[in-house]
4 protein chains.
Amino acid sequence: MLILMSLDAPRKDVDAVKKKVESYGCAPHEIPGDVKLAVGVTGPSSGLKEEDFAALPSVEEVVRVTRKYKLVGRMMKPDDTEVEFGERSVGGEELAIIAGPCSVESREQTFEIAHQLSEMGVKFFRGGAFKPRTSPYAFQGLKEKGLEILAEVKKRYGMHIVTEALNQNTLPAVAEVADVVQIGARNMQNYTLLEEAGETGKPILIKRGMSATLEELLLSAEYVVSRGNYNCMVCERGIRTYEKATRNTLDLNAVPFLKKESHLPVIVDPSHGTGVRELIPSMTLAAIAAGADGVIVEVHHNPAEALSDGFQALTPDAFRKLLSKIKQLAPVVNRATAEL
Amino acid sequence: MLILMSLDAPRKDVDAVKKKVESYGCAPHEIPGDVKLAVGVTGPSSGLKEEDFAALPSVEEVVRVTRKYKLVGRMMKPDDTEVEFGERSVGGEELAIIAGPCSVESREQTFEIAHQLSEMGVKFFRGGAFKPRTSPYAFQGLKEKGLEILAEVKKRYGMHIVTEALNQNTLPAVAEVADVVQIGARNMQNYTLLEEAGETGKPILIKRGMSATLEELLLSAEYVVSRGNYNCMVCERGIRTYEKATRNTLDLNAVPFLKKESHLPVIVDPSHGTGVRELIPSMTLAAIAAGADGVIVEVHHNPAEALSDGFQALTPDAFRKLLSKIKQLAPVVNRATAEL
Amino acid sequence: MLILMSLDAPRKDVDAVKKKVESYGCAPHEIPGDVKLAVGVTGPSSGLKEEDFAALPSVEEVVRVTRKYKLVGRMMKPDDTEVEFGERSVGGEELAIIAGPCSVESREQTFEIAHQLSEMGVKFFRGGAFKPRTSPYAFQGLKEKGLEILAEVKKRYGMHIVTEALNQNTLPAVAEVADVVQIGARNMQNYTLLEEAGETGKPILIKRGMSATLEELLLSAEYVVSRGNYNCMVCERGIRTYEKATRNTLDLNAVPFLKKESHLPVIVDPSHGTGVRELIPSMTLAAIAAGADGVIVEVHHNPAEALSDGFQALTPDAFRKLLSKIKQLAPVVNRATAEL
Amino acid sequence: MLILMSLDAPRKDVDAVKKKVESYGCAPHEIPGDVKLAVGVTGPSSGLKEEDFAALPSVEEVVRVTRKYKLVGRMMKPDDTEVEFGERSVGGEELAIIAGPCSVESREQTFEIAHQLSEMGVKFFRGGAFKPRTSPYAFQGLKEKGLEILAEVKKRYGMHIVTEALNQNTLPAVAEVADVVQIGARNMQNYTLLEEAGETGKPILIKRGMSATLEELLLSAEYVVSRGNYNCMVCERGIRTYEKATRNTLDLNAVPFLKKESHLPVIVDPSHGTGVRELIPSMTLAAIAAGADGVIVEVHHNPAEALSDGFQALTPDAFRKLLSKIKQLAPVVNRATAEL
């Protein structure tokens with residue numbers, strides 16, 4: 001950490017800063033400049049808080065030079081984390097393909113889609129039983145009934161279930177059925193939910209908040225991992241920008257950046273990331289080319305009748321074509337798709 | 001609602017759209033254009049969902065022409081909502097001045113600040129007992145102990161307490177002490193928390209999410225009001241933009257816009273909205289000039305020692321000077337400050 | 001400047017950094033930390049470029065601790081700049097009120113508006129002769145003919161003319177008529193135009209680019225001032241964010257920030273800053289309360305017939321009411337409005 | 001176009017809207033709803049301007065349902081535009097690989113890089129002679145001397161030169177040497193420069209402005225094409241968002257969106273789009289997977305010594321490795337790379 005003070009800071013202010021540094025067991029180093037006076041900090045500075053210093057007299061700026069996240073960082077654990085699911089894993093060589101409808105709408109709809117995906121070799125099935133909706137008047141999901149249907153799908157097709165936990169009340173029920181508990185974008189900074197989800201021991205998939213920085217996303221993952229649960233994955237799903245041609249701006253820079261900074265698996269959601277059906281196949285390929293460990297794609301056998309987000313669902317046919325492209329692309333980026 | 005289809009849409013696609021419109025008890029109207037075919041909808045269209053139509057074949061765009069929020073809108077209730085607190089209210093002529101430290105840090109600190117604010121005539125005391133923090137390693141508040149201190153302040157100085165409910169677990173305890181239950185920016189779309197907070201019957205203050213649109217903010221308020229709780233206030237606290245000179249970009253456009261669209265009281269938080277101590281007095285005055293019903297300002301008797309956000313707290317002295325400016329400004333915008 | 005290197009940087013890399021620092025006549029200081037090695041720089045470091053160091057081996061981050069702008073900064077010139085216009089000035093105690101139509105549309109329209117504004121005591125008349133338009137097919141202004149009309153207005157009513165120079169070709173003609181040459185938001189980083197405008201010696205008003213940082217705005221002003229022209233003003237006119245309820249997000253934080261950092265006068269444009277007629281009066285008052293040296297407001301006697309941006313123009317009547325509010329507000333923020 | 005009026009609009013206001021529609025030779029259609037009254041417009045509505053109607057009494061919103069751009073749209077010209085360069089073209093099956101240093105710094109540096117790139121089969125050489133810089137004190141390029149060096153490179157290696165025209169003054173000199181005249185992000189809405197560049201007849205590469213929408217980018221291309229110059233290419237180079245982990249947010253959604261909407265070739269600049277050397281190879285592959293017609297990548301034989309943006313330049317070795325990956329990837333997306 002580096003504390004920048006005004007050049008004409010009185011001696012007592014400089015001393016106060018140095019004393020505060022020492023109170024943390026660190027050593028302060030004065031570096032006078034031509035415009036400002038810098039106080040550099042050496043020692044075990046990870047416990048220092050910027051705000052402690054920012055408020056001191058004559059302090060103009062505090063510059064943090066170390067990362068805020070620890071357990072999720074490559075510095076702490078250089079090797080890729082692989083989240084295990086029986087005979088397969090996410091985060092290793094094999095690409096994770098997660099597909100299914102936005103919402104579980106009925107037993108028939110869910111089985112129809114699951115059946116087709118299963119035939120294509122897809123091993124991870126997504127589908128929301130509890131749906132967070134901006135308006136209190138929108139369809140909120142089949143809830144417990146939806147979980148039952150997902151449990152049946154799991155039993156019948158042997159697919160791993162990825163589904164969202166919306167709140168603390170329903171987390172236990174979700175965790176019982178889910179193989180991956182998804183934390184949605186709106187809940188990325190619902191720290192209580194993150195902690196409780198972490199404690200279930202289930203693999204967790206955290207979606208990036210609509211305007212979360214990548215550092216904040218990793219810190220949310222830190223909430224999970226700091227509860228002892230290393231089975232944590234992060235998901236880029238588009239951020240909110242001024243551009244309105246697409247629903248969100250899919251930030252693929254996030255993929256190589258997260259892979260560089262963290263050992264956690266990185267998943268991309270091109271359905272929410274574009275919100276435009278025609279753009280999804282291109283952006284799925286782009287995500288994999290960028291280095292993603294997997295993709296999560298909305299597939300619906302009848303998008304026109306979908307109860308939510310039908311406009312961003314691929315049909316099973318379109319998805320099958322996309323899978324064949326993915327199989328061609330995978331080896332270019334040293335990935336396997338043996339199961340497809 | 002207006003459904004725009006491609007000009008060369010086959011008859012069956014157009015008929016499918018019209019049939020779907022009719023299934024909602026509405027009437028479709030074909031309006032052929034030179035580039036697209038529009039289908040206008042008349043009748044009780046508020047139940048229609050854009051996504052239902054967006055996914056139908058040949059549909060290019062769905063344009064919603066009505067507001068998504070209802071109970072919180074001026075259309076439904078033209079008169080300003082005044083939230084009552086015994087002999088005073090928020091949302092009427094009197095400006096609401098809410099002040100206090102970011103966090104309740106100790107009994108001494110809290111009483112020291114409360115005492116000074118009380119002497120200035122401040123009637124609403126803010127202070128966080130539960131603090132949401134981006135990092136799991138940061139100070140998370142005194143929790144239950146903090147609530148006890150707030151209850152004492154309330155008893156001693158007769159001030160109304162504004163404090164945040166962080167999650168469902170602690171909501172009942174918070175609601176017992178708080179006169180206003182604050183929902184923080186990170187929880188603006190934690191719908192379960194909004195609903196449960198609404199059901200406490202306590203006045204609710206919802207802070208705008210970091211990148212929430214004003215429509216989304218009003219829809220979050222709709223979650224509270226639709227539970228029968230009209231004692232709901234919304235708070236502009238700065239949004240996230242590319243600009244880094246300030247912590248957030250305080251969007252004061254929100255104030256006249258929200259007042260135009262909704263009957264709910266609008267509060268502004270210039271402390272978070274700037275994150276720079278020197279800018280707070282100017283932006284507090286600007287908020288009031290823009291038409292805010294009140295402001296919420298961080299005040300700390302010793303910002304240098306504050307456990308959180310000290311850099312954006314005013315000292316009691318600076319706040320006293322600001323209050324004298326507020327008193328001069330209020331009549332210009334037809335506001336009263338009798339209690340100051 | 002501070003150069004952060006990886007802890008395990010080989011000695012030759014550290015030496016290369018130190019040598020490069022010395023090549024600028026500065027002194028390097030090694031500060032080893034627990035996670036990174038910092039090299040602090042003292043001496044005349046303003047000539048150093050971050051990118052020179054960022055590209056060196058083992059360098060992880062370069063932190064600039066000094067401001068990039070010089071002549072426009074308060075550090076260089078602590079006193080407010082007042083731009084003189086005969087017996088009045090902008091940037092001093094007197095508030096500058098600039099008003100008029102978006103575009104000069106005809107002699108009749110321009111005189112009608114100018115006449116009414118003149119009667120109200122307005123001394124600065126705005127109106128575009130050359131209009132930058134996103135589409136090549138939109139109305140581009142009356143051009144030279146528009147300048148002639150502005151020259152007549154100036155002669156007849158004695159108002160100072162504020163009008164935009166769109167490009168280098170027409171700059172000389174604009175500078176002949178204009179008392180203030182406006183550089184539009186789209187041209188904020190058209191450095192050649194800035195330099196040539198600066199060299200006319202005329203007062204310059206630079207509008208903030210749609211997504212320019214405040215530092216970039218000041219650096220654009222630096223282009224003008226570094227040509228020896230201190231008669232330079234900057235204008236906040238709304239930035240581009242995700243929020244679509246308003247045309248732009250008026251960033252009033254910019255006002256106290258710019259006043260703190262720079263000695264140049266700061267003007268606010270609430271017409272572009274909101275793009276919604278009903279919000280303009282509130283935001284004009286907010287701008288003045290925030291500390292602006294003046295405002296620039298679109299006024300049209302018949303907004304329904306305006307050839308551009310009629311939706312964000314006030315009628316003369318609405319503007320007259322606003323002026324009476326401004327007169328009440330001014331003394332609260334220590335401003336004069338003697339001429340109104 | 002659709003004009004939405006308040007339900008209680010007086011008859012005369014509705015008639016005024018209908019009359020205005022008719023004055024453009026179009027036909028108005030009243031569609032009464034439950035919340036608003038819509039007036040649909042049929043006929044040759046492309047000449048109508050939203051703002052004409054937005055300002056009329058009782059009008060609440062104007063909804064444009066047709067695209068603003070014409071000549072650059074697929075609707076007008078469904079076939080891909082291929083910009084010809086002798087025996088090769090951009091926009092067809094062959095991927096365009098454009099590479100070179102950010103700035104032309106010296107004859108030696110330029111030849112060194114050009115030589116290596118030429119050996120790799122690269123046919124398009126980039127390099128700035130005139131550099132737009134945020135600060136007036138930064139290196140502004142070798143200017144005319146830089147153009148001379150580029151002319152020599154062209155002659156010696158037979159590569160096509162891509163270089164930026166910074167302003168009208170230097171456009172003729174640039175156009176004489178350049179095979180592709182680049183319009184930089186800061187000048188994307190410098191319409192005069194666009195028009196004059198268009199008139200040179202040279203192929204034009206327009207970079208997306210830092211916060212330009214895709215519609216605005218296409219409208220800027222429309223300025224060029226409307227001057228009769230169809231040799232126009234557009235370039236995604238990252239947009240400005242709140243995220244600071246990368247220099248810009250590379251918006252790859254833009255690629256399939258632009259390809260869907262327009263027939264113009266789409267190029268991607270992953271160097272500016274990330275600003276982080278380690279992320280460039282991944283994002284180059286992602287751009288191609290997303291469907292880009294080409295990429296423009298900064299390559300420098302000695303990034304540590306580069307006079308500008310060295311931190312985002314690849315070394316020739318790293319670029320060579322990237323090319324071998326591109327060759328593997330191209331056939332997956334039906335692209336050729338015969339010349340590499």
# chains A, B, ... in the order shown; residues from 1 in each chain; ligands from 1
$ interface_residues --of "chain B" --to "chain C" --cutoff "8 Å" --atoms "only C-alpha atoms" --output "PDB file with C-alpha atoms, in the first residue's frame"
ATOM      1  CA  SER B 211     -26.560   0.157 -11.998  1.00  0.00           C
ATOM      2  CA  ALA B 212     -30.299  -0.061 -11.597  1.00  0.00           C
ATOM      3  CA  THR B 213     -32.499   1.895 -13.956  1.00  0.00           C
ATOM      4  CA  LEU B 214     -35.090   4.185 -12.441  1.00  0.00           C
ATOM      5  CA  GLU B 215     -37.780   1.847 -13.748  1.00  0.00           C
ATOM      6  CA  THR B 241     -20.232   4.858 -14.657  1.00  0.00           C
ATOM      7  CA  TYR B 242     -16.868   5.011 -16.390  1.00  0.00           C
ATOM      8  CA  GLU B 243     -15.965   8.200 -14.465  1.00  0.00           C
ATOM      9  CA  LYS B 244     -13.455   7.527 -11.689  1.00  0.00           C
ATOM     10  CA  ALA B 245     -12.906  11.042 -10.380  1.00  0.00           C
ATOM     11  CA  THR B 246     -15.734  10.368  -7.955  1.00  0.00           C
ATOM     12  CA  THR B 249     -21.960   9.418 -10.360  1.00  0.00           C
ATOM     13  CA  LEU B 250     -24.789  11.046  -8.412  1.00  0.00           C
ATOM     14  CA  ASP B 251     -27.685  11.031 -10.879  1.00  0.00           C
ATOM     15  CA  LEU B 252     -29.735  14.020  -9.804  1.00  0.00           C
ATOM     16  CA  ASN B 253     -31.841  13.754 -12.968  1.00  0.00           C
ATOM     17  CA  PRO B 256     -37.309  15.291 -10.841  1.00  0.00           C
ATOM     18  CA  PHE B 257     -37.870  12.146 -12.919  1.00  0.00           C
ATOM     19  CA  THR B 274     -19.695  11.458  -4.450  1.00  0.00           C
ATOM     20  CA  LEU B 279     -17.996  17.632  -2.804  1.00  0.00           C
ATOM     21  CA  SER B 282     -22.386  21.300  -2.851  1.00  0.00           C
ATOM     22  CA  MET B 283     -24.157  18.138  -3.903  1.00  0.00           C
ATOM     23  CA  LEU B 285     -27.631  21.630  -1.868  1.00  0.00           C
ATOM     24  CA  ALA B 286     -27.937  20.516  -5.485  1.00  0.00           C
ATOM     25  CA  ALA B 287     -30.101  17.567  -4.441  1.00  0.00           C
ATOM     26  CA  ILE B 288     -32.480  19.827  -2.555  1.00  0.00           C
ATOM     27  CA  ALA B 289     -32.574  22.327  -5.413  1.00  0.00           C
ATOM     28  CA  ALA B 290     -33.442  19.431  -7.722  1.00  0.00           C
ATOM     29  CA  GLY B 291     -36.507  18.701  -5.610  1.00  0.00           C
ATOM     30  CA  LYS B 325     -27.167  26.786   3.901  1.00  0.00           C
ATOM     31  CA  GLN B 328     -31.531  29.411   3.308  1.00  0.00           C
ATOM     32  CA  LEU B 329     -32.135  27.226   0.279  1.00  0.00           C
ATOM     33  CA  VAL B 332     -36.469  28.850  -2.739  1.00  0.00           C
TER      34      VAL B 332
END
$ residues_around --residues "segment 265-268 of chain B" --least-positions-apart "5" --cutoff "6 Å" --atoms "only C-alpha atoms" --output "MDAnalysis selection string"
chainID B and resid 91 233:236 292:295
$ write_last_selection --atoms "N, CA, C and O atoms" --output "mmCIF file, in the first residue's frame"
data_model
loop_
_atom_site.group_PDB
_atom_site.id
_atom_site.type_symbol
_atom_site.label_atom_id
_atom_site.label_comp_id
_atom_site.auth_asym_id
_atom_site.auth_seq_id
_atom_site.Cartn_x
_atom_site.Cartn_y
_atom_site.Cartn_z
ATOM 1 N N GLY B 91 -41.913 13.540 2.749
ATOM 2 C CA GLY B 91 -42.634 13.576 1.482
ATOM 3 C C GLY B 91 -43.571 14.764 1.385
ATOM 4 O O GLY B 91 -44.165 14.999 0.334
ATOM 5 N N MET B 233 -40.008 4.686 0.590
ATOM 6 C CA MET B 233 -39.239 5.814 0.053
ATOM 7 C C MET B 233 -38.128 5.257 -0.819
ATOM 8 O O MET B 233 -37.636 4.163 -0.562
ATOM 9 N N VAL B 234 -37.739 6.020 -1.830
ATOM 10 C CA VAL B 234 -36.643 5.572 -2.681
ATOM 11 C C VAL B 234 -35.487 6.554 -2.568
ATOM 12 O O VAL B 234 -35.690 7.727 -2.252
ATOM 13 N N CYS B 235 -34.278 6.051 -2.798
ATOM 14 C CA CYS B 235 -33.086 6.865 -2.538
ATOM 15 C C CYS B 235 -32.070 6.779 -3.680
ATOM 16 O O CYS B 235 -31.585 5.692 -4.008
ATOM 17 N N GLU B 236 -31.771 7.924 -4.268
ATOM 18 C CA GLU B 236 -30.679 8.019 -5.254
ATOM 19 C C GLU B 236 -29.365 8.117 -4.491
ATOM 20 O O GLU B 236 -29.209 8.990 -3.640
ATOM 21 N N ALA B 292 -35.460 17.091 -4.113
ATOM 22 C CA ALA B 292 -35.482 15.937 -3.203
ATOM 23 C C ALA B 292 -36.325 16.232 -1.964
ATOM 24 O O ALA B 292 -36.389 17.377 -1.508
ATOM 25 N N ASP B 293 -36.955 15.190 -1.427
ATOM 26 C CA ASP B 293 -37.729 15.323 -0.197
ATOM 27 C C ASP B 293 -36.848 15.241 1.038
ATOM 28 O O ASP B 293 -37.324 15.499 2.142
ATOM 29 N N GLY B 294 -35.610 14.853 0.835
ATOM 30 C CA GLY B 294 -34.720 14.763 1.972
ATOM 31 C C GLY B 294 -33.345 14.304 1.544
ATOM 32 O O GLY B 294 -33.137 13.931 0.381
ATOM 33 N N VAL B 295 -32.428 14.362 2.486
ATOM 34 C CA VAL B 295 -31.059 13.916 2.210
ATOM 35 C C VAL B 295 -30.591 13.039 3.351
ATOM 36 O O VAL B 295 -31.072 13.152 4.486
#
$ atom_distance --atom1 "atom CA of Ala197 of chain D" --atom2 "atom CA of Val177 of chain D"
13.4 Å
$ select_by_dssp --residues "segment 279-335 of chain C" --states "strand (DSSP E or B)" --output "number ranges by chain"
C: 294-299, 314
$ atom_distance --atom1 "atom CA of Phe53 of chain A" --atom2 "atom CA of Met188 of chain A"
28.2 Å
$ atom_distance --atom1 "atom CA of Lys19 of chain D" --atom2 "atom CA of Cys26 of chain B"
28.9 Å
$ select_by_dssp --residues "segment 193-245 of chain A" --states "helix (DSSP H, G or I)" --output "JSON, numbers by chain"
{"A": [193, 194, 195, 196, 197, 198, 199, 214, 215, 216, 217, 218, 219, 220, 221, 222, 223, 224, 225]}
$ closest_residue --among "D:Glu30, D:Gly25, D:Thr81, D:Val162" --to "Glu93 of chain D" --atoms "only C-alpha atoms"
D:Thr81
$ residues_around --residues "Glu50 of chain D" --least-positions-apart "4" --cutoff "10 Å" --atoms "only C-alpha atoms" --output "list in words"
Ser308, Asp309 and Phe311 of chain C; Met1, Leu2, Ile3, Ala54, Ala55, Glu61, Val62, Val63 and Arg64 of chain D
$ residues_around --residues "Ala165 of chain D" --least-positions-apart "5" --cutoff "9 Å" --atoms "only C-alpha atoms" --output "MDAnalysis selection string"
chainID D and resid 128:131 170:175 181:184 193 197
$ residues_around --residues "Lys20 of chain B" --least-positions-apart "6" --cutoff "10 Å" --atoms "only C-alpha atoms" --output "VMD selection string"
chain B and resid 26 to 28 48 52 to 53 56
$ residues_around --residues "Leu37 of chain A" --least-positions-apart "5" --cutoff "12 Å" --atoms "only C-alpha atoms" --output "PyMOL selection string"
(chain A and resi 2-11+13-14+17+29-32+58-62) or (chain C and resi 1-2+40-43+65-66)
